[in-house]
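Participant: There's a structure below that I have some questions on.
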Amino acid sequence: MAHVLVSGGTGFIGSRVCTALHEQGDTVHVLSRNPTRAQTTLKSAGAVYGWNPETEKLPLETTSGVKAVVHLAGETIAGRWNTEKKRRIRDSRILSTRNLVESLAEASKKPAVLVCASAIGYYGNSGDDHFTEVSPAGTDFLSKVCEEWETEAQKAEAFGIRVVMVRIGLVLGLGGGLLAQVLPPFKMGVGGILGSGRQWMSWIHIDDVVGIVIHALENEEIRGPLNATAPVPVRNVEFTKTLGTVLRRPTLLPVPMFGLRLMMGEFADFVVLSQNVLPEKTEVSGYEFRYRTLEPALRDLL
């Protein structure tokens with residue numbers, strides 16, 4: 001049984017990570033902007049500590065006896081991007097990770113491992129090529145954010161802490177992630193391909209995201225980036241047809257780029273980004289995916 005400290009524990013992924021850790025017998029303490037809400041909603045949490053991640057270091061008592069840290073806090077990238085939204089996306093990741101690592105550096109007894117969320121946005125546009133964990137960072141806004149984010153996390157290595165960055169793909173789960181964005185129009189029968197439909201989508205079932213986080217915590221030989229993406233990515237046109245089949249809804253109405261840009265602004269360019277990201281290192285490390293292909297994953301959820 002381990003003592004694990006989790007940031008972002010009330011989020012879409014974090015709440016499930018906390019539950020899984022609790023169910024396997026770990027003591028889970030949570031960092032939250034809203035500790036009252038977290039204490040109420042997270043039955044799997046022990047102590048809950050208030051923390052403003054962009055402006056504060058951790059309260060001293062939070063690191064006492066901690067064996068592992070899972071850092072999942074961050075502003076959602078969904079929504080219309082403007083200067084303020086992009087600032088929140090960047091600061092919520094980079095400043096929070098900097099404050100977290102500096103706090104761990106000051107702890108009298110440091111945790112053995114830090115598992116920090118990252119994203120496949122690190123790689124940028126793959127076109128028809130593919131990326132693995134050894135591929136370089138891209139050059140767009142999200143790529144630069146992810147690169148800086150990971151740089152801050154890796155500074156914990158200097159203090160003897162093993163660091164793993166989990167580069168998370170398009171997460172499929174109920175109550176958040178990709179399906180929260182796409183299910184309403186599909187259920188109304190007006191879902192369709194986005195843009196050309198040829199862009200690659202590197203999806204992953206929420207259960208496998210949680211599984212990879214725990215796998216990274218428990219396997220001492222794992223360091224550096226791990227791709228949290230299913231082994232079989234699909235093009236948008238295949239994703240659209242498969243989702244329509246599972247929901248028994250038509251998928252006849254394509255959404256052209258000019259329509260996406262009207263609705264989403266700059267975020268539309270990310271929505272149609274082609275990312276064929278393979279979890280090569282993740283599989284080599286011994287992780288066995290529960291959902292390797294799309295249709296079984298969607299059928300399990302829907």
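Just so we're on the same page: first chain in the structure tokens is A, next is B, and so on; residues restart at 1 for each chain, and ligands are numbered from 1 in the order they show up.
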Skipping near chain neighbours, those fewer than 3 positions away, what residues fall within 12 Å of A:Gly138 using only C-alpha atoms, listed as a ChimeraX atom specification?

Facilitator: /A:120-126,131,135,141-148,273,275

Participant: I need the chosen residues saved as a short mmCIF file (atom, residue, chain, number, x, y, z; two decimals), in the first residue's frame, with N, CA and C atoms.

Facilitator:
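Written out: out.cif:
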```
data_model
loop_
_atom_site.label_atom_id
_atom_site.label_comp_id
_atom_site.auth_asym_id
_atom_site.auth_seq_id
_atom_site.Cartn_x
_atom_site.Cartn_y
_atom_site.Cartn_z
N ILE A 120 -0.51 14.39 -26.51
CA ILE A 120 0.06 14.11 -27.83
C ILE A 120 0.14 15.38 -28.67
N GLY A 121 -0.44 16.48 -28.17
CA GLY A 121 -0.21 17.76 -28.81
C GLY A 121 1.27 18.11 -28.87
N TYR A 122 2.08 17.44 -28.07
CA TYR A 122 3.54 17.60 -28.08
C TYR A 122 4.11 17.46 -29.49
N TYR A 123 3.53 16.56 -30.29
CA TYR A 123 4.14 16.20 -31.57
C TYR A 123 3.77 17.10 -32.75
N GLY A 124 2.66 17.80 -32.65
CA GLY A 124 2.20 18.57 -33.80
C GLY A 124 1.55 17.67 -34.84
N ASN A 125 1.55 18.13 -36.09
CA ASN A 125 0.83 17.45 -37.18
C ASN A 125 1.68 16.35 -37.79
N SER A 126 1.13 15.12 -37.81
CA SER A 126 1.88 13.99 -38.38
C SER A 126 1.62 13.81 -39.87
N PHE A 131 4.03 9.08 -35.22
CA PHE A 131 4.93 9.47 -34.14
C PHE A 131 5.02 8.35 -33.11
N SER A 135 9.89 10.64 -31.12
CA SER A 135 9.71 11.70 -32.13
C SER A 135 9.89 13.07 -31.49
N PHE A 141 1.46 26.03 -31.17
CA PHE A 141 1.21 26.50 -29.80
C PHE A 141 1.18 25.36 -28.79
N LEU A 142 0.38 24.32 -29.05
CA LEU A 142 0.25 23.23 -28.09
C LEU A 142 1.55 22.44 -27.96
N SER A 143 2.27 22.29 -29.06
CA SER A 143 3.56 21.59 -29.01
C SER A 143 4.51 22.29 -28.06
N LYS A 144 4.57 23.60 -28.17
CA LYS A 144 5.47 24.37 -27.32
C LYS A 144 5.04 24.32 -25.86
N VAL A 145 3.72 24.36 -25.62
CA VAL A 145 3.23 24.25 -24.25
C VAL A 145 3.62 22.90 -23.67
N CYS A 146 3.40 21.83 -24.42
CA CYS A 146 3.72 20.49 -23.92
C CYS A 146 5.22 20.33 -23.67
N GLU A 147 6.03 20.88 -24.56
CA GLU A 147 7.47 20.76 -24.39
C GLU A 147 7.94 21.48 -23.12
N GLU A 148 7.42 22.69 -22.89
CA GLU A 148 7.77 23.42 -21.66
C GLU A 148 7.24 22.71 -20.42
N LEU A 273 -6.36 18.48 -36.59
CA LEU A 273 -4.95 18.12 -36.66
C LEU A 273 -4.82 16.61 -36.87
N GLN A 275 -2.97 13.36 -36.24
CA GLN A 275 -1.97 12.84 -35.31
C GLN A 275 -2.08 11.31 -35.23
#
```

Participant: Show which residues sit within 7 Å of stretch 73-87 of chain A, as an NGL selection string. Count only C-alpha atoms, and ignore same-chain residues fewer than 2 positions away.

Facilitator: :A and (7-8 or 71 or 89-93 or 264-267)

Participant: Between A:Val234, A:Leu243, A:Leu178, A:Leu302, which has the minimum distance to A:Val271 (counting only C-alpha atoms)?

Facilitator: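 Between A:Val234, A:Leu243, A:Leu178, A:Leu302, the residue approaching A:Val271 most closely is A:Leu178.
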
Participant: What are the DSSP alpha helix (DSSP H) residues of stretch 10-257 of chain A, as a PyMOL selection string?

Facilitator: chain A and resi 14-23+35-41+83-106+141-154+177-187+206-218+236-247+257

Participant: Would you write out those residues with C-alpha atoms, as a tab-separated table (two decimals), in the first residue's frame?

Facilitator:
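The resulting file, result_29.tsv, is shown below:
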```tsv
chain	number	residue	atom	x	y	z
A	14	GLY	CA	-8.14	12.36	-12.08
A	15	SER	CA	-11.32	11.19	-10.33
A	16	ARG	CA	-10.98	7.80	-12.00
A	17	VAL	CA	-7.29	7.56	-11.13
A	18	CYS	CA	-8.12	8.29	-7.47
A	19	THR	CA	-10.82	5.60	-7.46
A	20	ALA	CA	-8.53	3.00	-9.02
A	21	LEU	CA	-5.73	3.74	-6.56
A	22	HIS	CA	-8.13	3.58	-3.63
A	23	GLU	CA	-9.58	0.26	-4.82
A	35	PRO	CA	-11.14	21.40	-1.32
A	36	THR	CA	-14.72	21.51	-0.04
A	37	ARG	CA	-16.08	20.29	-3.37
A	38	ALA	CA	-13.33	17.70	-3.67
A	39	GLN	CA	-14.02	16.31	-0.20
A	40	THR	CA	-17.71	16.00	-1.07
A	41	THR	CA	-17.36	14.43	-4.51
A	83	THR	CA	-5.33	35.36	-25.79
A	84	GLU	CA	-6.75	34.79	-22.30
A	85	LYS	CA	-7.75	31.17	-22.96
A	86	LYS	CA	-4.29	30.37	-24.33
A	87	ARG	CA	-2.68	32.00	-21.29
A	88	ARG	CA	-4.76	29.80	-18.98
A	89	ILE	CA	-3.89	26.69	-20.99
A	90	ARG	CA	-0.18	27.47	-20.71
A	91	ASP	CA	-0.01	28.76	-17.12
A	92	SER	CA	-2.19	25.99	-15.68
A	93	ARG	CA	0.33	23.45	-16.92
A	94	ILE	CA	3.73	25.11	-16.76
A	95	LEU	CA	3.41	27.24	-13.62
A	96	SER	CA	1.61	24.51	-11.71
A	97	THR	CA	4.28	21.94	-12.57
A	98	ARG	CA	7.05	24.38	-11.67
A	99	ASN	CA	5.47	25.08	-8.27
A	100	LEU	CA	4.89	21.38	-7.67
A	101	VAL	CA	8.47	20.35	-8.49
A	102	GLU	CA	9.95	23.18	-6.41
A	103	SER	CA	7.82	22.01	-3.48
A	104	LEU	CA	9.01	18.42	-3.90
A	105	ALA	CA	12.61	19.67	-3.98
A	106	GLU	CA	12.09	21.19	-0.52
A	141	PHE	CA	1.21	26.50	-29.80
A	142	LEU	CA	0.25	23.23	-28.09
A	143	SER	CA	3.56	21.59	-29.01
A	144	LYS	CA	5.47	24.37	-27.32
A	145	VAL	CA	3.23	24.25	-24.25
A	146	CYS	CA	3.72	20.49	-23.92
A	147	GLU	CA	7.47	20.76	-24.39
A	148	GLU	CA	7.77	23.42	-21.66
A	149	TRP	CA	5.39	21.44	-19.44
A	150	GLU	CA	7.54	18.32	-19.68
A	151	THR	CA	10.73	20.33	-19.14
A	152	GLU	CA	9.37	21.56	-15.81
A	153	ALA	CA	8.41	18.03	-14.75
A	154	GLN	CA	11.80	16.58	-15.68
A	177	GLY	CA	-13.14	14.08	-23.01
A	178	LEU	CA	-13.87	13.74	-26.73
A	179	LEU	CA	-17.32	12.17	-26.40
A	180	ALA	CA	-18.62	15.13	-24.40
A	181	GLN	CA	-17.89	17.25	-27.48
A	182	VAL	CA	-19.19	14.96	-30.23
A	183	LEU	CA	-22.06	12.93	-28.76
A	184	PRO	CA	-24.79	15.62	-28.77
A	185	PRO	CA	-24.79	16.21	-32.56
A	186	PHE	CA	-24.36	12.50	-33.31
A	187	LYS	CA	-27.30	11.56	-31.09
A	206	ILE	CA	-10.49	6.15	-20.28
A	207	ASP	CA	-9.81	2.80	-18.58
A	208	ASP	CA	-6.51	2.52	-20.47
A	209	VAL	CA	-5.47	6.06	-19.50
A	210	VAL	CA	-5.97	5.12	-15.86
A	211	GLY	CA	-4.22	1.81	-16.42
A	212	ILE	CA	-1.17	3.48	-17.97
A	213	VAL	CA	-0.88	6.01	-15.12
A	214	ILE	CA	-0.87	3.19	-12.56
A	215	HIS	CA	1.51	1.12	-14.74
A	216	ALA	CA	3.92	4.09	-14.76
A	217	LEU	CA	3.67	4.46	-10.99
A	218	GLU	CA	4.39	0.81	-10.28
A	236	ASN	CA	-11.74	10.82	-38.78
A	237	VAL	CA	-13.96	9.31	-41.46
A	238	GLU	CA	-13.61	5.86	-39.84
A	239	PHE	CA	-14.22	7.28	-36.37
A	240	THR	CA	-17.36	9.02	-37.67
A	241	LYS	CA	-18.75	5.89	-39.34
A	242	THR	CA	-17.99	3.69	-36.33
A	243	LEU	CA	-19.60	6.08	-33.86
A	244	GLY	CA	-22.66	6.37	-36.12
A	245	THR	CA	-22.90	2.57	-36.33
A	246	VAL	CA	-22.68	2.13	-32.55
A	247	LEU	CA	-25.30	4.85	-31.97
A	257	MET	CA	-13.42	23.88	-42.15
```

Participant: Counting only C-alpha atoms, which of A:Ala156, A:Ala107, A:Val6, A:Val28 gets nearest to A:Gly224?

Facilitator: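 When distances to A:Gly224 are compared using only C-alpha atoms, the smallest one comes from A:Ala156.
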
Participant: When DSSP works through the backbone of this structure, what residues of stretch 56-136 of chain A end up as strand (DSSP E), shown as a list in words?

Facilitator: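 After running DSSP on the backbone, stretch 56-136 of chain A has strand (DSSP E) at Ala68, Val69, Val70, His71, Val113, Leu114, Val115, Cys116, Ala117, Ser118 and Ala119 of chain A.
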
Participant: Convert the current residue selection to file output with C-alpha atoms, as a short mmCIF file (atom, residue, chain, number, x, y, z; two decimals), in the first residue's frame.

Facilitator:
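Resulting contents of out26.cif:
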```cif
data_model
loop_
_atom_site.label_atom_id
_atom_site.label_comp_id
_atom_site.auth_asym_id
_atom_site.auth_seq_id
_atom_site.Cartn_x
_atom_site.Cartn_y
_atom_site.Cartn_z
CA ALA A 68 4.26 8.93 -5.40
CA VAL A 69 2.77 12.04 -7.02
CA VAL A 70 0.33 12.15 -9.95
CA HIS A 71 0.01 15.61 -11.50
CA VAL A 113 8.11 8.94 -8.60
CA LEU A 114 6.27 11.80 -10.28
CA VAL A 115 3.82 10.89 -13.04
CA CYS A 116 2.91 14.07 -14.89
CA ALA A 117 0.22 14.37 -17.53
CA SER A 118 1.25 15.63 -20.94
CA ALA A 119 -0.50 15.36 -24.30
#
```

Participant: Calculate how many Å separate atom CA of A:Thr229 from atom CA of A:Gln199, rounding to one decimal.

Facilitator: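 Between these atoms lies a distance of 15.6 Å.
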
Participant: Go through A:Gly195, A:Glu220, A:Leu42, A:His29 and flag the residue nearest A:Glu61, using only C-alpha atoms for the distances.

Facilitator: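 Looking at the shortest contact to A:Glu61, the residue is A:His29.
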
Participant: Rounded to one decimal place, report the atom CA of A:Ile13-atom CA of A:Gly197 distance in Å.

Facilitator: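 Taking atom CA of A:Ile13 and atom CA of A:Gly197, their separation equals 27.3 Å.
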
Participant: Which residue gives the smallest distance to A:Thr27 among A:Thr251, A:Ser274, A:Ser44, A:Asn52, with only C-alpha atoms counted?

Facilitator: A:Ser44

Participant: For atom CA of A:Lys57 and atom CA of A:Leu31, quote the distance in Å rounded to one decimal.

Facilitator: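 Atom-to-atom, atom CA of A:Lys57 to atom CA of A:Leu31, that is 11.3 Å.
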